[in-house]
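Structure file query.tsv (TSV, C-alpha atoms) is printed below.
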```
chain	number	residue	atom	x	y	z
A	1	MET	CA	-66.27	47.23	-88.94
A	2	ARG	CA	-68.81	44.57	-88.09
A	3	VAL	CA	-67.57	41.73	-85.87
A	4	CYS	CA	-69.26	38.35	-86.28
A	5	VAL	CA	-68.98	35.95	-83.35
A	6	VAL	CA	-69.73	32.35	-84.33
A	7	GLY	CA	-70.87	30.00	-81.54
A	8	LEU	CA	-72.93	31.35	-78.63
A	9	GLY	CA	-72.07	29.00	-75.80
A	10	TYR	CA	-70.13	29.61	-72.59
A	11	ILE	CA	-67.35	31.47	-74.41
A	12	GLY	CA	-68.90	32.96	-77.53
A	13	LEU	CA	-71.90	34.59	-75.90
A	14	PRO	CA	-70.02	36.52	-73.19
A	15	THR	CA	-67.42	37.56	-75.77
A	16	ALA	CA	-70.06	38.85	-78.19
A	17	LEU	CA	-71.94	40.67	-75.43
A	18	MET	CA	-68.76	42.24	-74.04
A	19	MET	CA	-67.69	43.50	-77.44
A	20	ALA	CA	-71.12	44.94	-78.18
A	21	ALA	CA	-71.31	46.58	-74.76
A	22	HIS	CA	-67.98	48.28	-75.50
A	23	GLY	CA	-69.04	49.79	-78.77
A	24	GLN	CA	-68.31	47.10	-81.36
A	25	ASP	CA	-70.86	46.46	-84.12
A	26	VAL	CA	-71.59	42.77	-83.37
A	27	THR	CA	-73.56	40.05	-85.10
A	28	ALA	CA	-73.72	36.86	-83.02
A	29	VAL	CA	-74.32	33.61	-84.91
A	30	ASP	CA	-75.25	30.09	-83.86
A	31	TYR	CA	-76.63	27.19	-85.91
A	32	ASN	CA	-78.98	26.29	-83.02
A	33	ALA	CA	-82.18	28.05	-84.04
A	34	ASP	CA	-83.84	27.49	-80.66
A	35	LEU	CA	-80.92	29.09	-78.83
A	36	VAL	CA	-80.98	32.04	-81.22
A	37	SER	CA	-84.73	32.45	-80.70
A	38	ARG	CA	-84.28	32.55	-76.95
A	39	LEU	CA	-81.57	35.20	-77.25
A	40	GLN	CA	-83.72	37.23	-79.64
A	41	ALA	CA	-86.49	37.04	-77.02
A	42	GLY	CA	-84.16	38.49	-74.41
A	43	GLN	CA	-83.43	35.27	-72.51
A	44	VAL	CA	-79.93	34.62	-71.16
A	45	THR	CA	-79.14	30.97	-71.90
A	46	PHE	CA	-77.02	30.05	-68.88
A	47	LYS	CA	-76.36	31.28	-65.35
A	48	GLU	CA	-73.41	33.57	-64.76
A	49	GLY	CA	-73.03	36.48	-62.39
A	50	GLY	CA	-73.46	39.80	-64.18
A	51	LEU	CA	-74.49	38.22	-67.47
A	52	PRO	CA	-78.11	39.52	-67.48
A	53	ALA	CA	-76.91	43.10	-67.02
A	54	LEU	CA	-74.28	42.71	-69.74
A	55	PHE	CA	-76.91	41.17	-72.02
A	56	ALA	CA	-79.19	44.16	-71.47
A	57	GLU	CA	-76.38	46.60	-72.24
A	58	ALA	CA	-75.35	44.73	-75.38
A	59	THR	CA	-78.90	44.49	-76.71
A	60	GLY	CA	-79.33	48.17	-76.00
A	61	ARG	CA	-76.33	48.83	-78.22
A	62	GLY	CA	-77.76	46.80	-81.08
A	63	ILE	CA	-76.20	43.35	-80.97
A	64	ARG	CA	-77.93	41.01	-83.45
A	65	PHE	CA	-78.57	37.29	-82.91
A	66	THR	CA	-79.06	35.11	-85.98
A	67	SER	CA	-78.37	31.75	-87.60
A	68	GLU	CA	-77.33	33.46	-90.85
A	69	TYR	CA	-73.66	34.28	-91.39
A	70	PRO	CA	-73.27	37.95	-92.40
A	71	ARG	CA	-70.82	39.22	-94.97
A	72	THR	CA	-68.14	41.14	-93.13
A	73	GLY	CA	-64.40	41.39	-92.67
A	74	PHE	CA	-63.90	40.12	-89.09
A	75	TYR	CA	-65.03	36.80	-87.61
A	76	ILE	CA	-64.42	35.12	-84.26
A	77	ILE	CA	-65.05	31.36	-84.12
A	78	ALA	CA	-65.87	30.09	-80.61
A	79	VAL	CA	-67.35	26.62	-81.10
A	80	PRO	CA	-66.78	23.37	-79.15
A	81	THR	CA	-63.59	21.33	-79.60
A	82	PRO	CA	-64.01	17.91	-77.94
A	83	TYR	CA	-61.47	15.13	-78.29
A	84	MET	CA	-61.96	11.86	-80.14
A	85	ALA	CA	-62.30	9.04	-77.61
A	86	ASP	CA	-60.25	6.52	-79.58
A	87	SER	CA	-57.28	8.62	-80.72
A	88	LYS	CA	-57.43	11.39	-78.05
A	89	LYS	CA	-56.83	13.90	-80.87
A	90	VAL	CA	-58.80	17.11	-81.10
A	91	ASP	CA	-62.11	16.86	-82.94
A	92	ALA	CA	-61.93	20.00	-85.06
A	93	SER	CA	-65.14	19.30	-86.98
A	94	TYR	CA	-67.10	22.13	-85.32
A	95	VAL	CA	-64.32	24.60	-86.15
A	96	THR	CA	-63.92	23.44	-89.73
A	97	GLY	CA	-67.69	23.52	-90.20
A	98	ALA	CA	-67.85	27.10	-88.95
A	99	MET	CA	-64.84	28.01	-91.06
A	100	ALA	CA	-66.47	26.61	-94.20
A	101	SER	CA	-69.60	28.67	-93.52
A	102	VAL	CA	-67.54	31.82	-92.98
A	103	LEU	CA	-65.62	31.30	-96.21
A	104	GLU	CA	-68.87	31.15	-98.16
A	105	VAL	CA	-69.79	34.73	-97.25
A	106	CYS	CA	-66.74	36.62	-95.95
A	107	GLU	CA	-65.15	39.58	-97.65
A	108	ASP	CA	-61.83	39.16	-99.38
A	109	ASP	CA	-58.94	39.78	-96.95
A	110	ALA	CA	-61.24	39.07	-93.98
A	111	VAL	CA	-59.67	38.32	-90.60
A	112	ILE	CA	-60.82	34.99	-89.11
A	113	VAL	CA	-59.95	34.44	-85.45
A	114	VAL	CA	-60.28	31.00	-83.87
A	115	GLU	CA	-60.98	31.31	-80.13
A	116	SER	CA	-61.78	27.63	-79.63
A	117	THR	CA	-59.05	25.70	-77.84
A	118	ILE	CA	-57.19	23.53	-80.36
A	119	SER	CA	-54.09	21.37	-80.42
A	120	PRO	CA	-50.83	22.79	-81.79
A	121	GLY	CA	-50.87	22.72	-85.57
A	122	THR	CA	-54.65	22.50	-85.97
A	123	ILE	CA	-54.89	25.74	-87.92
A	124	ASP	CA	-52.15	24.61	-90.31
A	125	ARG	CA	-53.63	21.11	-90.72
A	126	GLU	CA	-57.35	21.81	-90.72
A	127	ILE	CA	-58.13	25.51	-91.20
A	128	ARG	CA	-55.54	26.91	-93.59
A	129	PRO	CA	-56.22	24.30	-96.30
A	130	LEU	CA	-59.93	25.26	-96.27
A	131	ALA	CA	-59.00	28.89	-96.79
A	132	GLU	CA	-56.61	28.07	-99.61
A	133	LYS	CA	-59.16	25.81	-101.31
A	134	SER	CA	-61.82	28.54	-101.16
A	135	GLY	CA	-59.79	30.81	-103.39
A	136	LYS	CA	-60.32	33.74	-101.04
A	137	HIS	CA	-57.50	35.62	-99.42
A	138	VAL	CA	-58.14	35.65	-95.68
A	139	ARG	CA	-55.97	36.35	-92.65
A	140	LEU	CA	-55.95	33.77	-89.87
A	141	ALA	CA	-55.38	34.26	-86.15
A	142	HIS	CA	-55.77	32.33	-82.92
A	143	ALA	CA	-56.87	34.07	-79.70
A	144	PRO	CA	-57.59	31.25	-77.22
A	145	GLU	CA	-60.17	32.01	-74.55
A	146	ARG	CA	-58.98	32.25	-70.96
A	147	ILE	CA	-62.07	32.50	-68.76
A	148	ILE	CA	-63.72	30.23	-66.23
A	149	PRO	CA	-67.43	29.81	-65.46
A	150	GLY	CA	-68.33	31.57	-62.24
A	151	ASN	CA	-65.94	34.47	-62.87
A	152	MET	CA	-66.31	34.91	-66.62
A	153	LEU	CA	-66.94	38.62	-66.94
A	154	HIS	CA	-64.16	39.71	-64.60
A	155	GLU	CA	-61.66	37.43	-66.31
A	156	LEU	CA	-62.83	38.40	-69.78
A	157	VAL	CA	-61.92	42.00	-68.98
A	158	ASN	CA	-58.86	41.54	-66.77
A	159	ASN	CA	-57.04	38.39	-67.85
A	160	ALA	CA	-54.06	38.61	-70.18
A	161	ARG	CA	-54.73	37.42	-73.73
A	162	THR	CA	-52.58	35.75	-76.36
A	163	ILE	CA	-53.01	36.42	-80.07
A	164	GLY	CA	-51.23	34.29	-82.64
A	165	SER	CA	-51.07	35.43	-86.24
A	166	ASP	CA	-49.02	35.03	-89.40
A	167	ASP	CA	-47.88	38.64	-89.43
A	168	ARG	CA	-47.64	41.63	-87.13
A	169	GLU	CA	-50.23	43.68	-89.02
A	170	THR	CA	-52.93	41.05	-88.54
A	171	GLY	CA	-51.97	40.60	-84.90
A	172	GLU	CA	-52.25	44.34	-84.25
A	173	LEU	CA	-55.66	44.49	-85.91
A	174	VAL	CA	-56.96	41.62	-83.80
A	175	ARG	CA	-55.43	43.19	-80.69
A	176	SER	CA	-57.24	46.47	-81.40
A	177	VAL	CA	-60.60	44.66	-81.44
A	178	TYR	CA	-59.98	42.82	-78.17
A	179	ALA	CA	-58.49	45.93	-76.57
A	180	SER	CA	-61.91	47.57	-76.82
A	181	PHE	CA	-62.77	45.72	-73.59
A	182	CYS	CA	-59.70	43.79	-72.41
A	183	LYS	CA	-57.60	45.54	-69.75
A	184	GLY	CA	-55.11	42.68	-69.41
A	185	GLU	CA	-51.88	42.46	-71.36
A	186	ILE	CA	-52.44	41.28	-74.93
A	187	VAL	CA	-49.41	39.33	-76.13
A	188	LEU	CA	-48.70	38.86	-79.84
A	189	THR	CA	-47.00	35.70	-81.09
A	190	ASP	CA	-47.21	33.18	-83.91
A	191	ILE	CA	-50.22	30.89	-84.34
A	192	ARG	CA	-48.65	27.60	-83.26
A	193	THR	CA	-47.23	29.14	-80.08
A	194	ALA	CA	-50.67	30.53	-79.23
A	195	GLU	CA	-52.23	27.10	-79.82
A	196	MET	CA	-49.67	25.40	-77.59
A	197	SER	CA	-49.73	27.98	-74.79
A	198	LYS	CA	-53.44	27.48	-74.07
A	199	VAL	CA	-53.18	23.70	-74.02
A	200	VAL	CA	-50.12	23.90	-71.77
A	201	GLU	CA	-51.91	26.13	-69.24
A	202	ASN	CA	-54.69	23.61	-68.70
A	203	THR	CA	-52.34	20.63	-68.79
A	204	PHE	CA	-50.26	22.14	-66.00
A	205	ARG	CA	-53.33	22.39	-63.77
A	206	ASP	CA	-54.41	18.86	-64.64
A	207	ILE	CA	-51.03	17.46	-63.62
A	208	ASN	CA	-51.06	19.47	-60.38
A	209	ILE	CA	-54.55	18.17	-59.53
A	210	ALA	CA	-53.44	14.61	-60.32
A	211	PHE	CA	-50.57	15.02	-57.87
A	212	ALA	CA	-53.01	16.19	-55.19
A	213	ASN	CA	-55.30	13.24	-55.92
A	214	GLU	CA	-52.43	10.76	-55.63
A	215	LEU	CA	-51.46	12.39	-52.34
A	216	ALA	CA	-55.05	11.91	-51.15
A	217	LYS	CA	-54.87	8.20	-51.93
A	218	ILE	CA	-51.50	7.83	-50.20
A	219	CYS	CA	-52.73	9.69	-47.14
A	220	ARG	CA	-55.97	7.68	-47.07
A	221	GLN	CA	-53.98	4.44	-46.98
A	222	SER	CA	-51.69	5.70	-44.22
A	223	GLY	CA	-54.25	7.53	-42.10
A	224	MET	CA	-52.90	11.03	-42.70
A	225	ASP	CA	-54.77	14.30	-43.33
A	226	VAL	CA	-54.01	15.28	-46.92
A	227	TYR	CA	-55.47	18.77	-46.49
A	228	GLU	CA	-53.24	19.55	-43.52
A	229	ILE	CA	-50.22	18.24	-45.40
A	230	ILE	CA	-51.00	20.39	-48.46
A	231	ARG	CA	-51.66	23.43	-46.25
A	232	ILE	CA	-48.25	23.11	-44.62
A	233	ALA	CA	-46.40	22.26	-47.84
A	234	ASN	CA	-47.88	25.32	-49.55
A	235	LYS	CA	-46.22	27.58	-47.00
A	236	HIS	CA	-43.01	26.95	-48.94
A	237	PRO	CA	-42.56	29.94	-51.27
A	238	ARG	CA	-42.11	27.76	-54.37
A	239	VAL	CA	-44.85	25.17	-53.69
A	240	ASN	CA	-48.47	25.54	-54.76
A	241	ILE	CA	-50.28	22.20	-54.59
A	242	LEU	CA	-53.93	22.31	-55.64
A	243	GLN	CA	-56.71	20.49	-53.82
A	244	PRO	CA	-57.77	16.86	-54.37
A	245	GLY	CA	-61.33	16.14	-55.40
A	246	PRO	CA	-63.76	13.66	-56.95
A	247	GLY	CA	-62.44	14.19	-60.47
A	248	VAL	CA	-61.82	16.93	-63.01
A	249	GLY	CA	-64.62	18.42	-65.07
A	250	GLY	CA	-65.35	21.29	-67.38
A	251	HIS	CA	-64.47	21.62	-71.02
A	252	CYS	CA	-60.85	22.73	-70.53
A	253	ILE	CA	-58.78	20.91	-67.93
A	254	SER	CA	-60.46	17.55	-68.48
A	255	VAL	CA	-60.19	17.78	-72.29
A	256	ASP	CA	-57.22	19.83	-73.48
A	257	PRO	CA	-54.42	17.56	-72.12
A	258	TRP	CA	-55.76	14.74	-74.29
A	259	PHE	CA	-54.85	16.82	-77.35
A	260	LEU	CA	-51.16	16.51	-76.45
A	261	VAL	CA	-51.55	12.81	-75.64
A	262	GLY	CA	-53.20	12.23	-79.00
A	263	ASP	CA	-50.62	14.17	-81.01
A	264	TYR	CA	-47.51	13.20	-79.02
A	265	PRO	CA	-48.22	9.72	-77.55
A	266	GLU	CA	-44.55	8.82	-77.03
A	267	GLN	CA	-43.61	12.10	-75.40
A	268	ALA	CA	-46.71	12.93	-73.32
A	269	LYS	CA	-46.39	10.05	-70.86
A	270	LEU	CA	-46.68	12.12	-67.67
A	271	ILE	CA	-49.60	14.02	-69.19
A	272	ARG	CA	-51.40	10.74	-70.01
A	273	GLN	CA	-50.78	9.40	-66.51
A	274	ALA	CA	-52.18	12.55	-64.93
A	275	ARG	CA	-55.30	12.31	-67.10
A	276	GLU	CA	-55.75	8.68	-66.11
A	277	VAL	CA	-55.34	9.48	-62.41
A	278	ASN	CA	-57.97	12.22	-62.56
A	279	SER	CA	-60.33	10.21	-64.75
A	280	ALA	CA	-60.19	7.38	-62.19
A	281	MET	CA	-61.23	9.56	-59.24
A	282	PRO	CA	-65.01	8.98	-59.61
A	283	ALA	CA	-64.35	5.23	-59.28
A	284	PHE	CA	-62.20	5.94	-56.20
A	285	VAL	CA	-65.06	7.94	-54.69
A	286	LEU	CA	-67.37	4.99	-55.30
A	287	GLU	CA	-65.01	2.75	-53.36
A	288	ARG	CA	-65.07	5.25	-50.49
A	289	ILE	CA	-68.88	5.17	-50.64
A	290	ARG	CA	-68.88	1.37	-50.47
A	291	THR	CA	-66.57	1.40	-47.45
A	292	ILE	CA	-68.73	3.90	-45.57
A	293	MET	CA	-71.93	2.04	-46.48
A	294	ALA	CA	-70.49	-1.13	-44.99
A	295	GLU	CA	-69.45	0.74	-41.84
A	296	LYS	CA	-72.87	2.37	-41.48
A	297	GLY	CA	-74.92	-0.67	-42.43
A	298	ILE	CA	-76.48	1.08	-45.44
A	299	GLY	CA	-78.08	-1.59	-47.61
A	300	ASP	CA	-77.69	-0.23	-51.12
A	301	THR	CA	-76.82	2.90	-53.06
A	302	SER	CA	-80.45	4.01	-53.35
A	303	ARG	CA	-79.96	5.46	-49.85
A	304	VAL	CA	-76.89	7.45	-50.94
A	305	GLY	CA	-77.37	11.11	-51.86
A	306	LEU	CA	-75.01	12.90	-54.24
A	307	TYR	CA	-74.89	16.65	-53.68
A	308	GLY	CA	-73.85	18.54	-56.79
A	309	LEU	CA	-74.14	17.86	-60.51
A	310	THR	CA	-72.07	20.70	-61.94
A	311	TYR	CA	-68.34	20.43	-62.53
A	312	LYS	CA	-67.55	23.29	-60.12
A	313	GLU	CA	-69.23	25.45	-57.50
A	314	ASN	CA	-71.82	28.14	-58.15
A	315	VAL	CA	-72.33	27.55	-61.89
A	316	ASP	CA	-74.88	25.53	-63.87
A	317	ASP	CA	-72.24	24.01	-66.18
A	318	VAL	CA	-72.29	20.19	-66.11
A	319	ARG	CA	-69.78	19.54	-68.91
A	320	GLU	CA	-67.52	16.58	-68.01
A	321	SER	CA	-68.98	16.67	-64.49
A	322	PRO	CA	-67.32	14.23	-62.03
A	323	THR	CA	-70.79	13.51	-60.64
A	324	LEU	CA	-72.06	12.44	-64.04
A	325	GLN	CA	-68.94	10.32	-64.42
A	326	LEU	CA	-69.64	8.73	-61.03
A	327	LEU	CA	-73.25	8.05	-61.99
A	328	ALA	CA	-72.03	6.38	-65.20
A	329	VAL	CA	-69.70	4.11	-63.21
A	330	MET	CA	-72.54	3.16	-60.85
A	331	LYS	CA	-74.84	2.40	-63.77
A	332	GLU	CA	-72.18	0.26	-65.45
A	333	GLN	CA	-71.91	-1.76	-62.24
A	334	GLY	CA	-75.68	-2.20	-62.04
A	335	LEU	CA	-76.02	-0.31	-58.75
A	336	PRO	CA	-79.34	1.25	-57.70
A	337	ALA	CA	-79.56	4.92	-58.64
A	338	PRO	CA	-78.67	7.29	-55.79
A	339	ALA	CA	-80.58	10.44	-54.93
A	340	VAL	CA	-79.14	13.52	-56.65
A	341	TYR	CA	-79.51	17.22	-55.88
A	342	ASP	CA	-78.01	20.42	-57.25
A	343	PRO	CA	-79.49	23.86	-56.51
A	344	MET	CA	-77.93	25.25	-59.71
A	345	VAL	CA	-79.42	22.68	-62.10
A	346	SER	CA	-83.16	23.13	-62.67
A	347	ARG	CA	-83.52	20.74	-65.61
A	348	ASP	CA	-83.68	16.98	-65.05
A	349	ILE	CA	-80.47	15.34	-66.22
A	350	ALA	CA	-80.17	12.38	-63.84
A	351	ASP	CA	-82.37	9.60	-62.48
A	352	ARG	CA	-83.84	10.34	-59.04
A	353	GLN	CA	-82.91	14.01	-59.27
A	354	TYR	CA	-84.51	16.05	-56.49
A	355	HIS	CA	-85.27	19.76	-56.64
A	356	ASP	CA	-86.02	20.15	-52.93
A	357	PHE	CA	-83.08	20.01	-50.54
A	358	GLY	CA	-85.14	18.71	-47.62
A	359	ALA	CA	-86.61	15.88	-49.67
A	360	PHE	CA	-83.13	15.01	-50.94
A	361	LEU	CA	-81.78	14.80	-47.39
A	362	ALA	CA	-84.73	12.66	-46.30
A	363	ALA	CA	-83.90	10.20	-49.07
A	364	SER	CA	-80.20	9.98	-48.10
A	365	ASP	CA	-78.58	7.99	-45.31
A	366	LEU	CA	-75.16	9.02	-46.63
A	367	VAL	CA	-74.64	12.44	-48.23
A	368	VAL	CA	-71.71	12.66	-50.63
A	369	VAL	CA	-70.59	16.26	-51.25
A	370	LEU	CA	-69.25	16.49	-54.79
A	371	VAL	CA	-69.59	20.27	-55.36
A	372	GLY	CA	-69.03	23.05	-52.84
A	373	HIS	CA	-71.87	25.38	-53.82
A	374	ALA	CA	-72.50	28.45	-51.68
A	375	HIS	CA	-75.95	26.92	-51.06
A	376	LEU	CA	-74.33	24.06	-49.16
A	377	ARG	CA	-72.10	26.33	-47.12
A	378	GLU	CA	-75.19	28.29	-46.10
A	379	ASN	CA	-77.02	25.12	-45.04
A	380	LEU	CA	-74.30	23.14	-43.28
A	381	ASP	CA	-76.44	23.01	-40.12
A	382	LYS	CA	-78.84	20.71	-41.97
A	383	LEU	CA	-76.08	18.10	-42.25
A	384	ALA	CA	-75.71	17.84	-38.47
A	385	GLY	CA	-75.91	14.25	-37.28
A	386	ARG	CA	-75.77	12.83	-40.80
A	387	ALA	CA	-73.15	10.61	-42.38
A	388	VAL	CA	-71.32	12.90	-44.81
A	389	LEU	CA	-68.51	12.09	-47.25
A	390	ASP	CA	-66.97	15.44	-48.16
A	391	THR	CA	-64.87	15.17	-51.33
A	392	ARG	CA	-64.41	18.94	-51.57
A	393	HIS	CA	-63.27	19.77	-48.03
A	394	VAL	CA	-66.03	22.36	-47.54
A	395	CYS	CA	-68.06	20.96	-44.64
A	396	GLY	CA	-65.59	21.25	-41.80
A	397	ASP	CA	-66.66	19.37	-38.67
A	398	MET	CA	-70.00	18.46	-40.29
A	399	ALA	CA	-68.24	15.83	-42.40
A	400	GLN	CA	-67.38	12.52	-40.80
A	401	TYR	CA	-65.50	11.32	-43.85
A	402	GLY	CA	-63.10	12.81	-46.37
A	403	ILE	CA	-61.75	11.70	-49.66
```

As structure tokens, how would this structure be written, given the file I've shared?
Amino acid sequence: MRVCVVGLGYIGLPTALMMAAHGQDVTAVDYNADLVSRLQAGQVTFKEGGLPALFAEATGRGIRFTSEYPRTGFYIIAVPTPYMADSKKVDASYVTGAMASVLEVCEDDAVIVVESTISPGTIDREIRPLAEKSGKHVRLAHAPERIIPGNMLHELVNNARTIGSDDRETGELVRSVYASFCKGEIVLTDIRTAEMSKVVENTFRDINIAFANELAKICRQSGMDVYEIIRIANKHPRVNILQPGPGVGGHCISVDPWFLVGDYPEQAKLIRQAREVNSAMPAFVLERIRTIMAEKGIGDTSRVGLYGLTYKENVDDVRESPTLQLLAVMKEQGLPAPAVYDPMVSRDIADRQYHDFGAFLAASDLVVVLVGHAHLRENLDKLAGRAVLDTRHVCGDMAQYGI
């Protein structure tokens, strides 16, 4: 049976490669012709540990990259699902577009698995009607992804998976495909429960981070060390407070909770508040920068250096990056552009972006650490004697200021 994976981004590509490397007959599809051309030429399209080796193994086993949807009986849709800024509801247009293309070519009784994270009820509201209108009999399932950039391949193999389907037979068929590489427990349930479980996982983390960020603000006002307080509190066997930071990025934690806010505005009040707390952190960091500038006599923000553009350490993923959010706030306020540096980001995506660490430091009277890359940890000695605002708690004694 040929498996067609639709969408070759941070989730779809590793999934397609992993399946091919474990013996599945895989065709990998993306509408982006340039991306497909790069993959056909043997180029991995983003940085991730172990991905080049997996790519080589998958290509050796015959994986095909194309923009043409093949006729087959098993499809996995792994396309983006942003939220709509006004309503906060999921924007399912990428999924419905992919679904429409699949329905044009798929075999009768084909299994169509949505991996993209969606709000509860999306398959019933948006996907099922397309299938019914097509006149084809297809079987629908939802198998939400559960991996994080920086540890994708390990988690793809070892994390537990959830598969939602309309009937046990379909669920078992989908499980057999994923079990070709997945060593974690594969739980079968209904589609709506699978939709909800993924959104709930990321919402829980968002709320926990918001709590840590509020603690940071309280401790800042009262002159207490939030990191020491969290360290001690977490010694309690039933307490696990996450770390505060400059904001929440990535395509999951910063996005998925909005789905619940959009669909359940009267019930999701705590969830909304947590999202607002975390979304406001870049502005809070800017206020910390202003305070330190005044203390140090730094004239304007052109002498401030922002270290880190990605949303987390040791990846090149800048989706929903707190640094980009901070830069947007500064631009809105008409502030001079700061210096910016990230060893993981080779393409220019910000004004005054440096690609040499030494030149970046020379341009910065205040260094603001926004991402804790391994590169920084290996070069902490170069921060000696400098004014450093460490929003990630990675610099130890090198940082004069914390969040």

Selection near Asn379 in chain A, 12 Å with all atoms listed in the file, sequence-local residues under 3 positions removed, as an mmCIF file with C-alpha atoms, in the coordinates of the input:
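Just written: part-v9.cif:
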```
data_model
loop_
_atom_site.group_PDB
_atom_site.id
_atom_site.type_symbol
_atom_site.label_atom_id
_atom_site.label_comp_id
_atom_site.auth_asym_id
_atom_site.auth_seq_id
_atom_site.Cartn_x
_atom_site.Cartn_y
_atom_site.Cartn_z
ATOM 1 C CA PRO A 343 -79.490 23.860 -56.510
ATOM 2 C CA PHE A 357 -83.080 20.010 -50.540
ATOM 3 C CA GLY A 358 -85.140 18.710 -47.620
ATOM 4 C CA LEU A 361 -81.780 14.800 -47.390
ATOM 5 C CA GLY A 372 -69.030 23.050 -52.840
ATOM 6 C CA HIS A 373 -71.870 25.380 -53.820
ATOM 7 C CA ALA A 374 -72.500 28.450 -51.680
ATOM 8 C CA HIS A 375 -75.950 26.920 -51.060
ATOM 9 C CA LEU A 376 -74.330 24.060 -49.160
ATOM 10 C CA LYS A 382 -78.840 20.710 -41.970
ATOM 11 C CA LEU A 383 -76.080 18.100 -42.250
ATOM 12 C CA ALA A 384 -75.710 17.840 -38.470
ATOM 13 C CA VAL A 394 -66.030 22.360 -47.540
ATOM 14 C CA CYS A 395 -68.060 20.960 -44.640
ATOM 15 C CA MET A 398 -70.000 18.460 -40.290
#
```

What lies within 9 Å of range 206-216 of chain A using all atoms listed in the file, ignoring chain neighbours under 3 positions off, as a ChimeraX atom specification?
-> /A:201-203,219-221,224-227,230,240-248,253-254,257,270-271,273-278,281,403

Could you please take those selected residues and save C-alpha atoms as a tab-separated table (two decimals), in the frame of the given file?
```
chain	number	residue	atom	x	y	z
A	201	GLU	CA	-51.91	26.13	-69.24
A	202	ASN	CA	-54.69	23.61	-68.70
A	203	THR	CA	-52.34	20.63	-68.79
A	219	CYS	CA	-52.73	9.69	-47.14
A	220	ARG	CA	-55.97	7.68	-47.07
A	221	GLN	CA	-53.98	4.44	-46.98
A	224	MET	CA	-52.90	11.03	-42.70
A	225	ASP	CA	-54.77	14.30	-43.33
A	226	VAL	CA	-54.01	15.28	-46.92
A	227	TYR	CA	-55.47	18.77	-46.49
A	230	ILE	CA	-51.00	20.39	-48.46
A	240	ASN	CA	-48.47	25.54	-54.76
A	241	ILE	CA	-50.28	22.20	-54.59
A	242	LEU	CA	-53.93	22.31	-55.64
A	243	GLN	CA	-56.71	20.49	-53.82
A	244	PRO	CA	-57.77	16.86	-54.37
A	245	GLY	CA	-61.33	16.14	-55.40
A	246	PRO	CA	-63.76	13.66	-56.95
A	247	GLY	CA	-62.44	14.19	-60.47
A	248	VAL	CA	-61.82	16.93	-63.01
A	253	ILE	CA	-58.78	20.91	-67.93
A	254	SER	CA	-60.46	17.55	-68.48
A	257	PRO	CA	-54.42	17.56	-72.12
A	270	LEU	CA	-46.68	12.12	-67.67
A	271	ILE	CA	-49.60	14.02	-69.19
A	273	GLN	CA	-50.78	9.40	-66.51
A	274	ALA	CA	-52.18	12.55	-64.93
A	275	ARG	CA	-55.30	12.31	-67.10
A	276	GLU	CA	-55.75	8.68	-66.11
A	277	VAL	CA	-55.34	9.48	-62.41
A	278	ASN	CA	-57.97	12.22	-62.56
A	281	MET	CA	-61.23	9.56	-59.24
A	403	ILE	CA	-61.75	11.70	-49.66
```

Distance table requested - range 170-204 of chain A against range 2-10 of chain A, cut-off 12 Å, all atoms listed in the file: one row per qualifying residue with the closest atom pair and its distance in Å to one decimal, ordered by chain and rising residue number, as CSV.
```
residue,atom,partner,partner_atom,distance
A:Val174,CA,A:Val3,CA,10.8
A:Val177,CA,A:Val3,CA,8.8
A:Tyr178,CA,A:Val3,CA,10.9
```

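Atom to atom, CA of Asp381 in chain A and CA of His393 in chain A stand 15.7 Å apart.
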
Pick out the closest residue to Cys252 in chain A from this set: A:Ser165, A:Thr122, A:Thr81, A:Asn32. Count all atoms listed in the file.
-> A:Thr81

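The residue that comes closest to Asn151 in chain A, out of A:Glu48, A:Glu332, A:Asp351, A:Asp263 and on the basis of only C-alpha atoms, is A:Glu48.
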
Do you know which residues are at most 12 Å from Gly97 in chain A counting all atoms listed in the file, after dropping those on the same chain fewer than 2 positions away, and could you put them as a list in words?
-> Val6, Gly7, Asp30, Tyr31, Ile77, Ala78, Val79, Pro80, Thr81, Asp91, Ala92, Ser93, Tyr94, Val95, Met99, Ala100, Ser101, Val102, Leu103, Glu104, Glu126, Ile127 and Leu130 of chain A

Could you turn the residues from that selection into a file that holds C-alpha atoms, as a tab-separated table (two decimals), keeping the file's coordinate frame?
```tsv
chain	number	residue	atom	x	y	z
A	6	VAL	CA	-69.73	32.35	-84.33
A	7	GLY	CA	-70.87	30.00	-81.54
A	30	ASP	CA	-75.25	30.09	-83.86
A	31	TYR	CA	-76.63	27.19	-85.91
A	77	ILE	CA	-65.05	31.36	-84.12
A	78	ALA	CA	-65.87	30.09	-80.61
A	79	VAL	CA	-67.35	26.62	-81.10
A	80	PRO	CA	-66.78	23.37	-79.15
A	81	THR	CA	-63.59	21.33	-79.60
A	91	ASP	CA	-62.11	16.86	-82.94
A	92	ALA	CA	-61.93	20.00	-85.06
A	93	SER	CA	-65.14	19.30	-86.98
A	94	TYR	CA	-67.10	22.13	-85.32
A	95	VAL	CA	-64.32	24.60	-86.15
A	99	MET	CA	-64.84	28.01	-91.06
A	100	ALA	CA	-66.47	26.61	-94.20
A	101	SER	CA	-69.60	28.67	-93.52
A	102	VAL	CA	-67.54	31.82	-92.98
A	103	LEU	CA	-65.62	31.30	-96.21
A	104	GLU	CA	-68.87	31.15	-98.16
A	126	GLU	CA	-57.35	21.81	-90.72
A	127	ILE	CA	-58.13	25.51	-91.20
A	130	LEU	CA	-59.93	25.26	-96.27
```

Would you mind reading off the distance between CA of Tyr311 in chain A and CA of Thr323 in chain A, one decimal, in Å?
-> 7.6 Å
